[in-house]
Structure formats: structure tokens, C-alpha cells
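Coordinates as given in data-v4.pdb (PDB, C-alpha atoms):
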ATOM      1  CA  MET A  20     -18.520 200.677-124.601
ATOM      2  CA  ASP A  21     -19.258 204.370-124.693
ATOM      3  CA  GLU A  22     -19.571 206.561-121.626
ATOM      4  CA  ALA A  23     -23.289 207.168-121.951
ATOM      5  CA  ARG A  24     -24.036 203.465-122.087
ATOM      6  CA  MET A  25     -22.076 202.637-118.964
ATOM      7  CA  ASP A  26     -23.787 205.415-117.027
ATOM      8  CA  GLY A  27     -27.015 203.388-117.231
ATOM      9  CA  ASN A  28     -30.188 204.723-115.699
ATOM     10  CA  GLY A  29     -29.811 206.348-112.339
ATOM     11  CA  GLY A  30     -26.159 206.009-111.434
ATOM     12  CA  GLY A  31     -23.720 203.179-111.027
ATOM     13  CA  ARG A  32     -20.222 203.019-112.349
ATOM     14  CA  THR A  33     -19.477 205.286-115.296
ATOM     15  CA  THR A  34     -16.332 204.088-117.042
ATOM     16  CA  SER A  35     -13.389 202.048-115.838
ATOM     17  CA  ALA A  36     -10.810 204.570-116.936
ATOM     18  CA  SER A  37     -12.475 207.353-114.991
ATOM     19  CA  ALA A  38     -12.279 205.425-111.725
ATOM     20  CA  VAL A  39      -8.897 206.953-110.849
ATOM     21  CA  GLU A  40      -6.863 209.854-112.061
ATOM     22  CA  PRO A  41      -4.247 208.826-114.638
ATOM     23  CA  GLY A  42      -0.760 208.568-113.247
ATOM     24  CA  CYS A  43      -1.751 208.376-109.576
ATOM     25  CA  THR A  44       0.869 205.642-109.204
ATOM     26  CA  PRO A  45       4.210 205.837-111.021
ATOM     27  CA  ARG A  46       4.242 203.452-113.945
ATOM     28  CA  ARG A  47       6.622 200.564-114.015
ATOM     29  CA  ARG A  48       9.990 201.127-115.607
ATOM     30  CA  HIS A  49      11.496 199.205-118.508
ATOM     31  CA  SER A  50      12.046 195.579-117.504
ATOM     32  CA  ARG A  51      15.508 194.043-117.461
ATOM     33  CA  LEU A  52      14.369 190.755-115.952
ATOM     34  CA  THR A  53      13.425 187.741-118.027
ATOM     35  CA  PRO A  54       9.731 186.798-117.925
ATOM     36  CA  THR A  55      10.604 183.614-116.012
ATOM     37  CA  ARG A  56      12.665 185.478-113.427
ATOM     38  CA  GLU A  57       9.966 188.110-113.071
ATOM     39  CA  ALA A  58       7.286 185.453-112.517
ATOM     40  CA  GLU A  59       9.420 183.789-109.838
ATOM     41  CA  LEU A  60       9.882 187.121-108.102
ATOM     42  CA  TYR A  61       6.140 187.853-108.094
ATOM     43  CA  THR A  62       5.398 184.446-106.575
ATOM     44  CA  THR A  63       7.992 185.038-103.868
ATOM     45  CA  VAL A  64       6.622 188.495-103.066
ATOM     46  CA  LEU A  65       3.124 187.119-102.499
ATOM     47  CA  ASP A  66       4.500 184.253-100.415
ATOM     48  CA  LEU A  67       6.174 186.849 -98.207
ATOM     49  CA  VAL A  68       2.964 188.872 -97.910
ATOM     50  CA  ARG A  69       1.163 185.706 -96.787
ATOM     51  CA  GLU A  70       3.885 185.000 -94.231
ATOM     52  CA  VAL A  71       4.422 188.412 -92.656
ATOM     53  CA  GLY A  72       1.657 190.683 -93.959
ATOM     54  CA  TYR A  73       1.965 193.819 -96.057
ATOM     55  CA  ASP A  74       3.021 196.097 -93.199
ATOM     56  CA  SER A  75       5.980 193.900 -92.249
ATOM     57  CA  LEU A  76       7.083 193.265 -95.811
ATOM     58  CA  THR A  77      10.294 195.078 -96.711
ATOM     59  CA  MET A  78      12.226 195.475 -99.912
ATOM     60  CA  ASP A  79      15.235 194.112 -98.007
ATOM     61  CA  ALA A  80      13.313 190.900 -97.343
ATOM     62  CA  VAL A  81      12.260 190.656-100.984
ATOM     63  CA  ALA A  82      15.847 191.184-102.115
ATOM     64  CA  ALA A  83      17.145 188.523 -99.735
ATOM     65  CA  ARG A  84      14.487 185.929-100.552
ATOM     66  CA  THR A  85      14.742 186.439-104.311
ATOM     67  CA  ARG A  86      18.530 186.922-104.362
ATOM     68  CA  CYS A  87      17.967 190.138-106.233
ATOM     69  CA  SER A  88      19.662 193.415-105.358
ATOM     70  CA  LYS A  89      17.588 196.274-103.959
ATOM     71  CA  ALA A  90      18.978 198.454-106.731
ATOM     72  CA  THR A  91      17.474 196.098-109.303
ATOM     73  CA  LEU A  92      14.142 196.064-107.482
ATOM     74  CA  TYR A  93      13.961 199.854-107.434
ATOM     75  CA  ARG A  94      14.913 200.026-111.114
ATOM     76  CA  GLN A  95      11.970 197.765-111.918
ATOM     77  CA  TRP A  96       9.399 199.104-109.451
ATOM     78  CA  THR A  97       9.129 202.444-107.716
ATOM     79  CA  GLY A  98       8.471 200.866-104.323
ATOM     80  CA  LYS A  99       6.677 198.232-102.262
ATOM     81  CA  PRO A 100       3.100 199.269-103.187
ATOM     82  CA  GLN A 101       3.683 198.963-106.913
ATOM     83  CA  LEU A 102       5.638 195.717-106.536
ATOM     84  CA  VAL A 103       2.827 194.077-104.541
ATOM     85  CA  ALA A 104       0.135 195.362-106.919
ATOM     86  CA  GLU A 105       2.074 194.099-109.950
ATOM     87  CA  ALA A 106       2.548 190.721-108.252
ATOM     88  CA  LEU A 107      -1.185 190.444-107.571
ATOM     89  CA  ARG A 108      -1.977 191.325-111.177
ATOM     90  CA  HIS A 109       0.458 188.731-112.484
ATOM     91  CA  GLU A 110      -0.758 185.985-110.143
ATOM     92  CA  LYS A 111      -4.515 186.599-110.357
ATOM     93  CA  PRO A 112      -6.432 183.345-110.900
ATOM     94  CA  ALA A 113      -8.614 184.589-113.756
ATOM     95  CA  THR A 114      -8.767 187.471-116.181
ATOM     96  CA  LEU A 115     -11.434 189.003-118.398
ATOM     97  CA  ALA A 116      -8.909 190.377-120.871
ATOM     98  CA  GLY A 117      -9.180 189.209-124.458
ATOM     99  CA  ILE A 118     -12.162 186.881-123.975
ATOM    100  CA  ASP A 119     -14.555 186.719-126.934
ATOM    101  CA  THR A 120     -16.344 183.395-127.437
ATOM    102  CA  GLY A 121     -19.154 184.849-129.527
ATOM    103  CA  SER A 122     -21.715 185.042-126.724
ATOM    104  CA  LEU A 123     -21.888 186.697-123.320
ATOM    105  CA  ARG A 124     -22.850 183.410-121.654
ATOM    106  CA  GLY A 125     -19.856 181.751-123.274
ATOM    107  CA  ASP A 126     -17.570 184.630-122.269
ATOM    108  CA  PHE A 127     -18.501 184.338-118.598
ATOM    109  CA  ALA A 128     -18.169 180.535-118.789
ATOM    110  CA  ALA A 129     -14.636 181.019-120.145
ATOM    111  CA  VAL A 130     -13.803 183.259-117.178
ATOM    112  CA  VAL A 131     -15.125 180.705-114.680
ATOM    113  CA  ALA A 132     -13.199 177.923-116.453
ATOM    114  CA  GLN A 133      -9.955 179.697-115.527
ATOM    115  CA  MET A 134     -10.749 179.501-111.820
ATOM    116  CA  ASN A 135      -9.331 176.954-109.399
ATOM    117  CA  GLU A 136     -10.958 176.318-106.022
ATOM    118  CA  LEU A 137      -7.706 176.094-104.045
ATOM    119  CA  ARG A 138      -6.273 179.182-105.707
ATOM    120  CA  MET A 139      -9.481 181.121-105.021
ATOM    121  CA  GLU A 140      -9.308 180.196-101.332
ATOM    122  CA  GLN A 141      -5.656 181.217-101.079
ATOM    123  CA  ASP A 142      -6.121 184.409-103.056
ATOM    124  CA  THR A 143      -9.220 185.477-101.117
ATOM    125  CA  ALA A 144      -7.265 185.326 -97.855
ATOM    126  CA  LEU A 145      -4.355 187.177 -99.450
ATOM    127  CA  MET A 146      -6.544 189.926-100.933
ATOM    128  CA  ARG A 147      -8.392 190.361 -97.648
ATOM    129  CA  GLY A 148      -5.111 191.111 -95.898
ATOM    130  CA  VAL A 149      -3.866 193.414 -98.647
ATOM    131  CA  LEU A 150      -7.136 195.368 -98.775
ATOM    132  CA  GLN A 151      -7.070 195.834 -95.010
ATOM    133  CA  ALA A 152      -3.558 197.257 -95.371
ATOM    134  CA  ALA A 153      -4.726 199.535 -98.190
ATOM    135  CA  HIS A 154      -7.010 201.381 -95.760
ATOM    136  CA  ALA A 155      -3.916 202.538 -93.881
ATOM    137  CA  HIS A 156      -1.664 203.022 -96.922
ATOM    138  CA  PRO A 157      -3.095 205.333 -99.614
ATOM    139  CA  ASP A 158      -0.117 204.614-101.871
ATOM    140  CA  LEU A 159      -0.985 200.913-101.833
ATOM    141  CA  LEU A 160      -4.640 201.662-102.565
ATOM    142  CA  ALA A 161      -3.637 203.872-105.497
ATOM    143  CA  ALA A 162      -1.343 201.164-106.877
ATOM    144  CA  LEU A 163      -4.031 198.485-106.542
ATOM    145  CA  ARG A 164      -6.600 200.638-108.323
ATOM    146  CA  GLU A 165      -4.295 201.611-111.164
ATOM    147  CA  LEU A 166      -2.531 198.315-111.776
ATOM    148  CA  LEU A 167      -5.126 195.737-110.776
ATOM    149  CA  VAL A 168      -8.665 197.123-110.512
ATOM    150  CA  VAL A 169      -8.916 199.555-113.426
ATOM    151  CA  PRO A 170      -7.458 197.147-116.046
ATOM    152  CA  GLU A 171      -9.952 194.441-115.056
ATOM    153  CA  LEU A 172     -12.849 196.910-115.083
ATOM    154  CA  SER A 173     -11.781 197.993-118.556
ATOM    155  CA  SER A 174     -11.775 194.346-119.656
ATOM    156  CA  LEU A 175     -15.249 193.879-118.174
ATOM    157  CA  ASP A 176     -16.449 196.951-120.076
ATOM    158  CA  ALA A 177     -15.032 195.456-123.273
ATOM    159  CA  LEU A 178     -16.683 192.096-122.611
ATOM    160  CA  LEU A 179     -20.058 193.728-121.992
ATOM    161  CA  GLY A 180     -19.521 196.026-124.958
ATOM    162  CA  GLN A 181     -19.130 192.991-127.208
ATOM    163  CA  ALA A 182     -22.499 191.719-126.012
ATOM    164  CA  VAL A 183     -24.085 195.080-126.825
ATOM    165  CA  GLU A 184     -22.504 195.124-130.288
ATOM    166  CA  ARG A 185     -23.749 191.591-130.961
ATOM    167  CA  GLY A 186     -27.259 192.673-129.994
ATOM    168  CA  GLU A 187     -27.439 190.338-126.993
ATOM    169  CA  VAL A 188     -27.914 193.203-124.524
ATOM    170  CA  PRO A 189     -29.667 196.513-125.317
ATOM    171  CA  ALA A 190     -27.334 199.467-124.858
ATOM    172  CA  ASP A 191     -29.746 201.171-122.446
ATOM    173  CA  THR A 192     -29.958 198.192-120.059
ATOM    174  CA  ALA A 193     -29.649 199.726-116.583
ATOM    175  CA  ALA A 194     -27.946 196.643-115.116
ATOM    176  CA  LEU A 195     -24.866 197.185-117.331
ATOM    177  CA  SER A 196     -23.621 199.800-114.877
ATOM    178  CA  TYR A 197     -23.863 197.419-111.941
ATOM    179  CA  VAL A 198     -22.320 194.165-113.167
ATOM    180  CA  SER A 199     -18.962 194.910-111.537
ATOM    181  CA  TYR A 200     -20.672 195.639-108.214
ATOM    182  CA  ALA A 201     -22.697 192.423-108.466
ATOM    183  CA  LEU A 202     -19.681 190.256-109.218
ATOM    184  CA  LEU A 203     -17.441 191.719-106.534
ATOM    185  CA  GLY A 204     -20.284 191.929-104.035
ATOM    186  CA  SER A 205     -21.093 188.249-104.458
ATOM    187  CA  LEU A 206     -17.534 187.255-103.568
ATOM    188  CA  ILE A 207     -17.481 189.477-100.487
ATOM    189  CA  ALA A 208     -20.933 188.336 -99.360
ATOM    190  CA  HIS A 209     -20.048 184.662 -99.792
ATOM    191  CA  GLN A 210     -17.081 185.051 -97.474
ATOM    192  CA  LEU A 211     -19.199 186.837 -94.871
ATOM    193  CA  LEU A 212     -22.183 184.476 -95.037
ATOM    194  CA  GLU A 213     -20.394 181.152 -95.474
ATOM    195  CA  ASP A 214     -17.097 181.938 -93.711
ATOM    196  CA  LYS A 215     -15.178 180.601 -96.693
ATOM    197  CA  ALA A 216     -14.147 181.766-100.121
ATOM    198  CA  ALA A 217     -16.459 181.327-103.098
ATOM    199  CA  ASP A 218     -15.596 178.456-105.428
ATOM    200  CA  PRO A 219     -15.903 178.305-109.235
ATOM    201  CA  ALA A 220     -19.252 176.488-109.016
ATOM    202  CA  PHE A 221     -20.740 179.286-106.926
ATOM    203  CA  VAL A 222     -19.425 181.972-109.273
ATOM    204  CA  GLY A 223     -20.803 180.174-112.317
ATOM    205  CA  ASN A 224     -24.187 179.604-110.692
ATOM    206  CA  TYR A 225     -24.382 183.209-109.500
ATOM    207  CA  ILE A 226     -23.629 184.556-112.961
ATOM    208  CA  GLY A 227     -26.265 182.261-114.474
ATOM    209  CA  ALA A 228     -28.930 183.025-111.865
ATOM    210  CA  VAL A 229     -28.335 186.728-111.235
ATOM    211  CA  VAL A 230     -25.994 188.525-113.640
ATOM    212  CA  LEU A 231     -27.189 187.198-116.988
ATOM    213  CA  PRO A 232     -30.927 187.492-116.187
ATOM    214  CA  SER A 233     -30.380 191.073-115.026
ATOM    215  CA  LEU A 234     -29.000 191.794-118.506
ATOM    216  CA  GLY A 235     -31.848 189.982-120.236
ATOM    217  CA  VAL A 236     -29.662 187.081-121.389
TER
END
Please go through the file and, once you have read it, give me the structure as C-alpha cells.
Amino acid sequence: MDEARMDGNGGGRTTSASAVEPGCTPRRRHSRLTPTREAELYTTVLDLVREVGYDSLTMDAVAARTRCSKATLYRQWTGKPQLVAEALRHEKPATLAGIDTGSLRGDFAAVVAQMNELRMEQDTALMRGVLQAAHAHPDLLAALRELLVVPELSSLDALLGQAVERGEVPADTAALSYVSYALLGSLIAHQLLEDKAADPAFVGNYIGAVVLPSLGV
């Protein structure tokens, strides 16, 4: 989706890639771990964050729990912020990347189909703690934006761009610039209003009742 289209009418998000400056967090180095070993390590890292919180998490603790040397950890990741952000990206319950069912309604349904109620509850609590820590740790915030937020925003742009190319949504639809705010805002508001994480049914109903109509679908 081009930059002018995502600007919409009167503000909103411009483009995903422009959300942060390139290279604000050092990129991950060449992996020497097998995909299976790497996945196990990410799961362990997030288990530790749940147990002790981001502030108390140490690379020593990660090395001990995963039986991996600190030298190996620092060869793979530049530090704790990037390791946690990479773990969150790997373990996220749903992704927008690569979805193309032939219709925007079908695309969003495919995203919701990936979601699991228990995982959403666990991950909401985890993300709440990590985001609170990010307010006090700019390096963590930068890593989260570069490795987790911006890639998903780019995938959302691509998903919406497909709908524009198919003619489902006019390119000048103002709501295009605000879909990311609506989706994220609904999850935050649900937690505040209901004192529990949103479930897949709520997300699907919200998209059908609010997001798609705002785009004229």
C-alpha cells in the first residue's frame, strides 16, 4: 500500500516502516542454533519473564535454565531486550503475515482462526508486564517496536493493500489509516472494561461489527 493511501484523510498512521528509525535496535546475528533448539529457548525465556518479570530477568538465568552458555546467547542476540522481543515474536498466538484468502473478510477470519483463548489470556498478561517494563527501558521499547510491532504493522498494510487492489476497499477510505488503532484499542479496552483478556469470539465479532463496516465491507 502506498504512502499516500495510508495517510488517509486527516491523520492517522502513515506507514509501518516509518514508525521507527531503521536500525534502532541491533539486528540479530547469524543463527547457529537449530530451529527446534531456538524455539525451546524462546519458550523458556518467556516462562522466566512470567516468573520473575522483565526487570529481574538476567542472561545468567536464561543460560542456566536453557543450559546454554552466555557466550552463545550473546552471539545470537545483542542483549536481553532483543532476546525477549524475538521470543515474543516467535511465540505470538497469531500473525497477519502471508494471509491472502481472496477477500478481506476471509483474511481477518483466517487471523482469528489462529487464536486460542487460553493463549490469548496468558499472552495478554505477559505483554502487559513487558509493556510496563518498556516504559522504564527505552532499549526494550526500541526492540519491541523493531522486531515485533513494525513487522506486524507491515503485514497489516499488506493485507489491507490486497483489499484495495481487489477493489473491495476504495484507496481513499479514511478508516484505512486507523485499523491498527482500532484493533489494538479493542484489546486494551476489553481488558480494562471486562477485567479479562479478549477471546477469539470477541475479536471476530469486533472485526465484523466495527472494522469491516468502517472500511465499507
Pick the closest to Thr77 of chain A from A:Lys99, A:Arg56, A:Arg94, A:His154: which is it, counting all atoms listed in the file?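 Comparing A:Lys99, A:Arg56, A:Arg94, A:His154 against Thr77 of chain A, the winner is A:Lys99.
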Any chance you could work out the residue set of the PyMOL selection byres ((chain A and resi 199) around 10) here, as a PyMOL selection string? chain A and resi 31-32+171-172+175-176+194-198+200-205+230
What do you get, as number ranges by chain, if you spell out every residue that the PyMOL selection byres ((chain A and resi 64-73) around 8) selects here? A: 60-63, 74-76, 81, 103, 106-107, 145, 148-149, 152
Go ahead and save the picked residues with C-alpha atoms, as a compact mmCIF listing (two decimals), in the frame of the given file.
# COMPACT_ATOMS: atom_id res chain seq x y z
CA LEU A 60 9.88 187.12 -108.10
CA TYR A 61 6.14 187.85 -108.09
CA THR A 62 5.40 184.45 -106.58
CA THR A 63 7.99 185.04 -103.87
CA ASP A 74 3.02 196.10 -93.20
CA SER A 75 5.98 193.90 -92.25
CA LEU A 76 7.08 193.26 -95.81
CA VAL A 81 12.26 190.66 -100.98
CA VAL A 103 2.83 194.08 -104.54
CA ALA A 106 2.55 190.72 -108.25
CA LEU A 107 -1.18 190.44 -107.57
CA LEU A 145 -4.36 187.18 -99.45
CA GLY A 148 -5.11 191.11 -95.90
CA VAL A 149 -3.87 193.41 -98.65
CA ALA A 152 -3.56 197.26 -95.37
Output the residue selection produced by the PyMOL selection byres ((chain A and resi 104) around 7) on the file above, formatted as an MDAnalysis selection string. chainID A and resid 100:103 105:108 162:163 166:167
For Val131 of chain A, which residue among A:Ala80, A:Ala182, A:Leu234, A:Val222 is the nearest when counting only C-alpha atoms?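 That would be A:Val222, the residue with the smallest distance to Val131 of chain A.
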Export segment 123-160 of chain A from the structure block above, keeping N, CA and C atoms, as an mmCIF file, in the first residue's frame.
data_model
loop_
_atom_site.group_PDB
_atom_site.id
_atom_site.type_symbol
_atom_site.label_atom_id
_atom_site.label_comp_id
_atom_site.auth_asym_id
_atom_site.auth_seq_id
_atom_site.Cartn_x
_atom_site.Cartn_y
_atom_site.Cartn_z
ATOM 1 N N LEU A 123 -11.129 -9.674 2.075
ATOM 2 C CA LEU A 123 -10.702 -9.094 3.343
ATOM 3 C C LEU A 123 -11.415 -9.768 4.510
ATOM 4 N N ARG A 124 -12.692 -10.069 4.348
ATOM 5 C CA ARG A 124 -13.435 -10.763 5.405
ATOM 6 C C ARG A 124 -12.800 -12.126 5.685
ATOM 7 N N GLY A 125 -12.452 -12.829 4.626
ATOM 8 C CA GLY A 125 -11.805 -14.125 4.781
ATOM 9 C C GLY A 125 -10.423 -14.007 5.413
ATOM 10 N N ASP A 126 -9.691 -12.949 5.056
ATOM 11 C CA ASP A 126 -8.357 -12.741 5.628
ATOM 12 C C ASP A 126 -8.435 -12.552 7.140
ATOM 13 N N PHE A 127 -9.354 -11.691 7.584
ATOM 14 C CA PHE A 127 -9.493 -11.467 9.022
ATOM 15 C C PHE A 127 -9.993 -12.729 9.722
ATOM 16 N N ALA A 128 -10.868 -13.490 9.080
ATOM 17 C CA ALA A 128 -11.344 -14.748 9.664
ATOM 18 C C ALA A 128 -10.178 -15.727 9.833
ATOM 19 N N ALA A 129 -9.246 -15.722 8.881
ATOM 20 C CA ALA A 129 -8.080 -16.600 8.973
ATOM 21 C C ALA A 129 -7.179 -16.201 10.141
ATOM 22 N N VAL A 130 -7.086 -14.893 10.401
ATOM 23 C CA VAL A 130 -6.299 -14.419 11.539
ATOM 24 C C VAL A 130 -6.947 -14.881 12.845
ATOM 25 N N VAL A 131 -8.249 -14.691 12.959
ATOM 26 C CA VAL A 131 -8.963 -15.080 14.180
ATOM 27 C C VAL A 131 -8.878 -16.587 14.393
ATOM 28 N N ALA A 132 -8.897 -17.357 13.319
ATOM 29 C CA ALA A 132 -8.837 -18.821 13.420
ATOM 30 C C ALA A 132 -7.536 -19.300 14.050
ATOM 31 N N GLN A 133 -6.487 -18.482 13.981
ATOM 32 C CA GLN A 133 -5.214 -18.852 14.603
ATOM 33 C C GLN A 133 -5.239 -18.700 16.125
ATOM 34 N N MET A 134 -6.188 -17.944 16.634
ATOM 35 C CA MET A 134 -6.185 -17.563 18.040
ATOM 36 C C MET A 134 -6.716 -18.672 18.937
ATOM 37 N N ASN A 135 -6.174 -18.716 20.141
ATOM 38 C CA ASN A 135 -6.579 -19.686 21.154
ATOM 39 C C ASN A 135 -6.882 -18.920 22.431
ATOM 40 N N GLU A 136 -8.031 -19.193 23.048
ATOM 41 C CA GLU A 136 -8.467 -18.403 24.195
ATOM 42 C C GLU A 136 -7.472 -18.447 25.346
ATOM 43 N N LEU A 137 -6.966 -19.635 25.674
ATOM 44 C CA LEU A 137 -6.017 -19.751 26.786
ATOM 45 C C LEU A 137 -4.731 -19.014 26.475
ATOM 46 N N ARG A 138 -4.231 -19.178 25.247
ATOM 47 C CA ARG A 138 -3.007 -18.487 24.862
ATOM 48 C C ARG A 138 -3.195 -16.983 24.927
ATOM 49 N N MET A 139 -4.358 -16.491 24.481
ATOM 50 C CA MET A 139 -4.605 -15.048 24.492
ATOM 51 C C MET A 139 -4.599 -14.518 25.918
ATOM 52 N N GLU A 140 -5.173 -15.278 26.846
ATOM 53 C CA GLU A 140 -5.186 -14.860 28.249
ATOM 54 C C GLU A 140 -3.771 -14.815 28.811
ATOM 55 N N GLN A 141 -2.991 -15.847 28.530
ATOM 56 C CA GLN A 141 -1.612 -15.897 29.019
ATOM 57 C C GLN A 141 -0.771 -14.798 28.392
ATOM 58 N N ASP A 142 -0.926 -14.606 27.096
ATOM 59 C CA ASP A 142 -0.094 -13.636 26.393
ATOM 60 C C ASP A 142 -0.467 -12.200 26.729
ATOM 61 N N THR A 143 -1.750 -11.953 27.024
ATOM 62 C CA THR A 143 -2.159 -10.607 27.420
ATOM 63 C C THR A 143 -1.486 -10.216 28.728
ATOM 64 N N ALA A 144 -1.467 -11.131 29.698
ATOM 65 C CA ALA A 144 -0.810 -10.855 30.970
ATOM 66 C C ALA A 144 0.691 -10.651 30.772
ATOM 67 N N LEU A 145 1.288 -11.469 29.922
ATOM 68 C CA LEU A 145 2.720 -11.347 29.654
ATOM 69 C C LEU A 145 3.034 -10.009 28.996
ATOM 70 N N MET A 146 2.276 -9.642 27.954
ATOM 71 C CA MET A 146 2.539 -8.395 27.244
ATOM 72 C C MET A 146 2.305 -7.191 28.140
ATOM 73 N N ARG A 147 1.323 -7.274 29.024
ATOM 74 C CA ARG A 147 1.075 -6.160 29.939
ATOM 75 C C ARG A 147 2.307 -5.898 30.800
ATOM 76 N N GLY A 148 2.902 -6.961 31.310
ATOM 77 C CA GLY A 148 4.107 -6.805 32.124
ATOM 78 C C GLY A 148 5.293 -6.284 31.326
ATOM 79 N N VAL A 149 5.455 -6.798 30.108
ATOM 80 C CA VAL A 149 6.582 -6.373 29.277
ATOM 81 C C VAL A 149 6.421 -4.909 28.864
ATOM 82 N N LEU A 150 5.212 -4.506 28.518
ATOM 83 C CA LEU A 150 4.986 -3.115 28.110
ATOM 84 C C LEU A 150 5.179 -2.150 29.267
ATOM 85 N N GLN A 151 4.818 -2.569 30.468
ATOM 86 C CA GLN A 151 5.094 -1.732 31.643
ATOM 87 C C GLN A 151 6.595 -1.550 31.812
ATOM 88 N N ALA A 152 7.353 -2.626 31.610
ATOM 89 C CA ALA A 152 8.812 -2.543 31.714
ATOM 90 C C ALA A 152 9.389 -1.659 30.626
ATOM 91 N N ALA A 153 8.766 -1.666 29.450
ATOM 92 C CA ALA A 153 9.283 -0.878 28.323
ATOM 93 C C ALA A 153 9.259 0.616 28.609
ATOM 94 N N HIS A 154 8.343 1.063 29.474
ATOM 95 C CA HIS A 154 8.300 2.483 29.827
ATOM 96 C C HIS A 154 9.570 2.913 30.551
ATOM 97 N N ALA A 155 10.191 1.981 31.267
ATOM 98 C CA ALA A 155 11.400 2.299 32.018
ATOM 99 C C ALA A 155 12.675 1.886 31.288
ATOM 100 N N HIS A 156 12.527 1.169 30.183
ATOM 101 C CA HIS A 156 13.700 0.658 29.456
ATOM 102 C C HIS A 156 13.558 1.000 27.974
ATOM 103 N N PRO A 157 14.081 2.130 27.535
ATOM 104 C CA PRO A 157 13.965 2.522 26.126
ATOM 105 C C PRO A 157 14.538 1.493 25.157
ATOM 106 N N ASP A 158 15.571 0.756 25.590
ATOM 107 C CA ASP A 158 16.145 -0.251 24.700
ATOM 108 C C ASP A 158 15.167 -1.398 24.464
ATOM 109 N N LEU A 159 14.381 -1.736 25.479
ATOM 110 C CA LEU A 159 13.348 -2.756 25.301
ATOM 111 C C LEU A 159 12.246 -2.241 24.384
ATOM 112 N N LEU A 160 11.825 -1.007 24.573
ATOM 113 C CA LEU A 160 10.791 -0.428 23.718
ATOM 114 C C LEU A 160 11.244 -0.407 22.263
#
